[in-house]
Amino acid sequence: DVSFAALMYGCNNHYLQSFKTFINGFIPKIKSKYKLCTGPKSKGIERAFYKTFYVYNGDFRRMLDMMRCSFVFDRFEDLYAAFTLFEEYCAEQCEDGILRVKDRFEPEHIAFGYRDLMVNIKAPNTSVICEIQFHLYAFYQYKKGSHKMYKKARLFEHEDLNDAYSYAQMHTRPSIGDKTILEEKSATHADDEEGD
């Protein structure tokens with residue numbers, strides 16, 4: 001049975017090398033489809049420690065993102081085409097294929113928060129579960145700010161509800177409708193140009 005320290009060591013050394021080899025084998029299959037790739041990389045020890053002992057009560061085996069990689073796309077069509085190719089690649093390269101898919105572009109699955117497509121696999125020749133994220137650039141460019149907001153909103157979750165989301169739906173949406181930050185900035189920019 002592996003320890004937390006042994007897992008962290010492996011994810012920063014030989015496990016990570018195996019994951020990099022796996023990802024590097026996939027990249028040529030989507031070379032014309034993706035905008036950028038971040039990773040492969042391993043989770044930082046501070047975050048891994050926090051999740052292990054404060055979220056998972058010491059059971060580090062519940063972490064599904066000890067190593068991760070992200071692909072960013074300009075268009076949904078390219079993102080989902082790449083995911084289809086990834087499924088085929090995993091069927092060939094991974095003993096267990098894809099373990100889990102979480103499509104956060106589907107609003108019935110995720111009521112609010114950041115949008116992406118997350119896939120979990122077991123890194124080849126290891127027992128470590130990794131996460132591959134497929135992002136759309138329109139969301140990805142605002143990821144840092146939206147993720148900070150999402151982390152705060154998660155504090156209000158209980159059962160299948162989120163009080164922060166419910167409150168915003170009830171009290172804020174009626175006054176702002178479906179406007180976005182970009183629409184607000186565009187309107188402000190147009191007003192500034194008219195005033196010049």
# chains A, B, ... in the order shown; residues from 1 in each chain; ligands from 1

call {"tool": "residues_around", "arguments": {"residues": "A:Asp96", "least_positions_apart": "3", "cutoff": "12 Å", "atoms": "only C-alpha atoms", "output": "VMD selection string"}}
result
chain A and resid 87 89 to 93 99 to 100 120 to 127 129

call {"tool": "write_last_selection", "arguments": {"atoms": "N, CA and C atoms", "output": "PDB file, in the first residue's frame"}}
result
ATOM      1  N   GLU A  87     -10.890   9.605 -26.641  1.00  0.00           N
ATOM      2  CA  GLU A  87     -11.550   8.340 -26.275  1.00  0.00           C
ATOM      3  C   GLU A  87     -10.909   7.165 -27.012  1.00  0.00           C
ATOM      4  N   TYR A  89      -7.908   7.059 -28.372  1.00  0.00           N
ATOM      5  CA  TYR A  89      -6.529   6.927 -27.920  1.00  0.00           C
ATOM      6  C   TYR A  89      -6.467   6.176 -26.582  1.00  0.00           C
ATOM      7  N   CYS A  90      -7.370   6.514 -25.674  1.00  0.00           N
ATOM      8  CA  CYS A  90      -7.402   5.851 -24.367  1.00  0.00           C
ATOM      9  C   CYS A  90      -7.782   4.378 -24.498  1.00  0.00           C
ATOM     10  N   ALA A  91      -8.669   4.066 -25.426  1.00  0.00           N
ATOM     11  CA  ALA A  91      -9.052   2.668 -25.635  1.00  0.00           C
ATOM     12  C   ALA A  91      -7.835   1.839 -26.048  1.00  0.00           C
ATOM     13  N   GLU A  92      -6.916   2.467 -26.783  1.00  0.00           N
ATOM     14  CA  GLU A  92      -5.690   1.772 -27.225  1.00  0.00           C
ATOM     15  C   GLU A  92      -4.606   1.759 -26.150  1.00  0.00           C
ATOM     16  N   GLN A  93      -4.458   2.871 -25.429  1.00  0.00           N
ATOM     17  CA  GLN A  93      -3.295   3.068 -24.566  1.00  0.00           C
ATOM     18  C   GLN A  93      -3.519   2.798 -23.074  1.00  0.00           C
ATOM     19  N   LEU A  99     -12.095   6.504 -17.252  1.00  0.00           N
ATOM     20  CA  LEU A  99     -12.771   6.134 -16.005  1.00  0.00           C
ATOM     21  C   LEU A  99     -13.999   7.002 -15.734  1.00  0.00           C
ATOM     22  N   ARG A 100     -13.907   8.278 -16.096  1.00  0.00           N
ATOM     23  CA  ARG A 100     -15.008   9.202 -15.811  1.00  0.00           C
ATOM     24  C   ARG A 100     -14.934  10.386 -16.758  1.00  0.00           C
ATOM     25  N   ASN A 120     -11.132  11.632 -16.528  1.00  0.00           N
ATOM     26  CA  ASN A 120     -10.199  10.938 -15.645  1.00  0.00           C
ATOM     27  C   ASN A 120      -9.770   9.615 -16.262  1.00  0.00           C
ATOM     28  N   ILE A 121      -8.475   9.376 -16.184  1.00  0.00           N
ATOM     29  CA  ILE A 121      -7.892   8.117 -16.656  1.00  0.00           C
ATOM     30  C   ILE A 121      -6.864   7.657 -15.631  1.00  0.00           C
ATOM     31  N   LYS A 122      -6.466   6.420 -15.736  1.00  0.00           N
ATOM     32  CA  LYS A 122      -5.332   5.942 -14.945  1.00  0.00           C
ATOM     33  C   LYS A 122      -4.106   6.101 -15.834  1.00  0.00           C
ATOM     34  N   ALA A 123      -3.112   6.842 -15.355  1.00  0.00           N
ATOM     35  CA  ALA A 123      -1.902   7.047 -16.163  1.00  0.00           C
ATOM     36  C   ALA A 123      -1.294   5.690 -16.501  1.00  0.00           C
ATOM     37  N   PRO A 124      -0.938   5.473 -17.761  1.00  0.00           N
ATOM     38  CA  PRO A 124      -0.374   4.181 -18.167  1.00  0.00           C
ATOM     39  C   PRO A 124       0.808   3.761 -17.288  1.00  0.00           C
ATOM     40  N   ASN A 125       0.838   2.481 -16.957  1.00  0.00           N
ATOM     41  CA  ASN A 125       1.896   1.876 -16.140  1.00  0.00           C
ATOM     42  C   ASN A 125       1.939   2.397 -14.708  1.00  0.00           C
ATOM     43  N   THR A 126       0.832   2.991 -14.245  1.00  0.00           N
ATOM     44  CA  THR A 126       0.744   3.455 -12.852  1.00  0.00           C
ATOM     45  C   THR A 126      -0.655   3.126 -12.328  1.00  0.00           C
ATOM     46  N   SER A 127      -0.854   3.387 -11.045  1.00  0.00           N
ATOM     47  CA  SER A 127      -2.199   3.257 -10.472  1.00  0.00           C
ATOM     48  C   SER A 127      -2.758   4.634 -10.146  1.00  0.00           C
ATOM     49  N   ILE A 129      -4.628   8.093 -10.753  1.00  0.00           N
ATOM     50  CA  ILE A 129      -5.697   8.651 -11.584  1.00  0.00           C
ATOM     51  C   ILE A 129      -5.357  10.103 -11.911  1.00  0.00           C
TER      52      ILE A 129
END

call {"tool": "select_by_dssp", "arguments": {"residues": "stretch 7-69 of chain A", "states": "strand (DSSP E or B)", "output": "PDB file with all heavy atoms, in the first residue's frame"}}
result
ATOM      1  N   LEU A  36      -3.797  25.786 -27.285  1.00  0.00           N
ATOM      2  CA  LEU A  36      -2.646  25.639 -26.412  1.00  0.00           C
ATOM      3  C   LEU A  36      -2.836  24.454 -25.474  1.00  0.00           C
ATOM      4  O   LEU A  36      -3.948  23.966 -25.297  1.00  0.00           O
ATOM      5  CB  LEU A  36      -2.356  26.923 -25.623  1.00  0.00           C
ATOM      6  CG  LEU A  36      -3.398  27.425 -24.634  1.00  0.00           C
ATOM      7  CD1 LEU A  36      -2.975  27.097 -23.222  1.00  0.00           C
ATOM      8  CD2 LEU A  36      -3.516  28.945 -24.761  1.00  0.00           C
ATOM      9  N   CYS A  37      -1.723  24.009 -24.916  1.00  0.00           N
ATOM     10  CA  CYS A  37      -1.712  22.882 -23.984  1.00  0.00           C
ATOM     11  C   CYS A  37      -0.912  23.305 -22.763  1.00  0.00           C
ATOM     12  O   CYS A  37       0.188  23.825 -22.897  1.00  0.00           O
ATOM     13  CB  CYS A  37      -1.092  21.658 -24.645  1.00  0.00           C
ATOM     14  SG  CYS A  37      -0.835  20.276 -23.528  1.00  0.00           S
ATOM     15  N   THR A  38      -1.472  23.127 -21.571  1.00  0.00           N
ATOM     16  CA  THR A  38      -0.739  23.387 -20.334  1.00  0.00           C
ATOM     17  C   THR A  38      -0.553  22.066 -19.611  1.00  0.00           C
ATOM     18  O   THR A  38      -1.489  21.307 -19.442  1.00  0.00           O
ATOM     19  CB  THR A  38      -1.472  24.391 -19.426  1.00  0.00           C
ATOM     20  OG1 THR A  38      -2.711  23.829 -19.028  1.00  0.00           O
ATOM     21  CG2 THR A  38      -1.710  25.700 -20.148  1.00  0.00           C
ATOM     22  N   GLY A  39       0.639  21.795 -19.214  1.00  0.00           N
ATOM     23  CA  GLY A  39       0.931  20.518 -18.561  1.00  0.00           C
ATOM     24  C   GLY A  39       1.631  19.626 -19.556  1.00  0.00           C
ATOM     25  O   GLY A  39       2.079  20.089 -20.592  1.00  0.00           O
ATOM     26  N   PRO A  40       1.744  18.358 -19.221  1.00  0.00           N
ATOM     27  CA  PRO A  40       1.300  17.698 -17.999  1.00  0.00           C
ATOM     28  C   PRO A  40       2.103  18.166 -16.779  1.00  0.00           C
ATOM     29  O   PRO A  40       3.280  18.484 -16.884  1.00  0.00           O
ATOM     30  CB  PRO A  40       1.574  16.221 -18.268  1.00  0.00           C
ATOM     31  CG  PRO A  40       1.872  16.104 -19.710  1.00  0.00           C
ATOM     32  CD  PRO A  40       2.347  17.427 -20.163  1.00  0.00           C
ATOM     33  N   LYS A  41       1.416  18.197 -15.642  1.00  0.00           N
ATOM     34  CA  LYS A  41       2.067  18.598 -14.394  1.00  0.00           C
ATOM     35  C   LYS A  41       1.414  17.875 -13.232  1.00  0.00           C
ATOM     36  O   LYS A  41       0.303  17.340 -13.364  1.00  0.00           O
ATOM     37  CB  LYS A  41       2.011  20.109 -14.216  1.00  0.00           C
ATOM     38  CG  LYS A  41       0.597  20.686 -14.226  1.00  0.00           C
ATOM     39  CD  LYS A  41       0.628  22.200 -14.259  1.00  0.00           C
ATOM     40  CE  LYS A  41      -0.766  22.765 -14.442  1.00  0.00           C
ATOM     41  NZ  LYS A  41      -0.751  24.190 -14.666  1.00  0.00           N
ATOM     42  N   SER A  42       2.094  17.898 -12.094  1.00  0.00           N
ATOM     43  CA  SER A  42       1.538  17.248 -10.907  1.00  0.00           C
ATOM     44  C   SER A  42       0.988  18.308  -9.958  1.00  0.00           C
ATOM     45  O   SER A  42       1.394  19.471  -9.998  1.00  0.00           O
ATOM     46  CB  SER A  42       2.599  16.406 -10.215  1.00  0.00           C
ATOM     47  OG  SER A  42       3.701  17.199  -9.864  1.00  0.00           O
ATOM     48  N   MET A  67      -2.186  14.310 -11.150  1.00  0.00           N
ATOM     49  CA  MET A  67      -1.483  14.839 -12.318  1.00  0.00           C
ATOM     50  C   MET A  67      -2.558  15.302 -13.290  1.00  0.00           C
ATOM     51  O   MET A  67      -3.633  14.689 -13.374  1.00  0.00           O
ATOM     52  CB  MET A  67      -0.589  13.767 -12.945  1.00  0.00           C
ATOM     53  CG  MET A  67       0.524  13.305 -12.020  1.00  0.00           C
ATOM     54  SD  MET A  67       1.647  12.095 -12.768  1.00  0.00           S
ATOM     55  CE  MET A  67       0.600  10.656 -12.925  1.00  0.00           C
ATOM     56  N   ARG A  68      -2.256  16.371 -14.004  1.00  0.00           N
ATOM     57  CA  ARG A  68      -3.280  16.899 -14.908  1.00  0.00           C
ATOM     58  C   ARG A  68      -2.660  17.542 -16.134  1.00  0.00           C
ATOM     59  O   ARG A  68      -1.476  17.876 -16.147  1.00  0.00           O
ATOM     60  CB  ARG A  68      -4.182  17.893 -14.194  1.00  0.00           C
ATOM     61  CG  ARG A  68      -3.507  19.191 -13.842  1.00  0.00           C
ATOM     62  CD  ARG A  68      -4.499  20.220 -13.370  1.00  0.00           C
ATOM     63  NE  ARG A  68      -5.276  19.731 -12.267  1.00  0.00           N
ATOM     64  CZ  ARG A  68      -5.794  20.482 -11.311  1.00  0.00           C
ATOM     65  NH1 ARG A  68      -5.595  21.781 -11.334  1.00  0.00           N
ATOM     66  NH2 ARG A  68      -6.494  19.984 -10.339  1.00  0.00           N
ATOM     67  N   CYS A  69      -3.512  17.727 -17.125  1.00  0.00           N
ATOM     68  CA  CYS A  69      -3.112  18.384 -18.369  1.00  0.00           C
ATOM     69  C   CYS A  69      -4.341  19.072 -18.931  1.00  0.00           C
ATOM     70  O   CYS A  69      -5.462  18.568 -18.783  1.00  0.00           O
ATOM     71  CB  CYS A  69      -2.579  17.342 -19.343  1.00  0.00           C
ATOM     72  SG  CYS A  69      -2.014  18.060 -20.889  1.00  0.00           S
TER      73      CYS A  69
END

call {"tool": "closest_residue", "arguments": {"among": "A:Arg47, A:Lys29, A:Arg173, A:Arg115", "to": "A:Lys143", "atoms": "only C-alpha atoms"}}
result
A:Arg115

call {"tool": "residues_around", "arguments": {"residues": "stretch 8-12 of chain A", "least_positions_apart": "5", "cutoff": "10 Å", "atoms": "only C-alpha atoms", "output": "ChimeraX atom specification"}}
result
/A:3,17-19,41-45,48-49,66-67,126,128
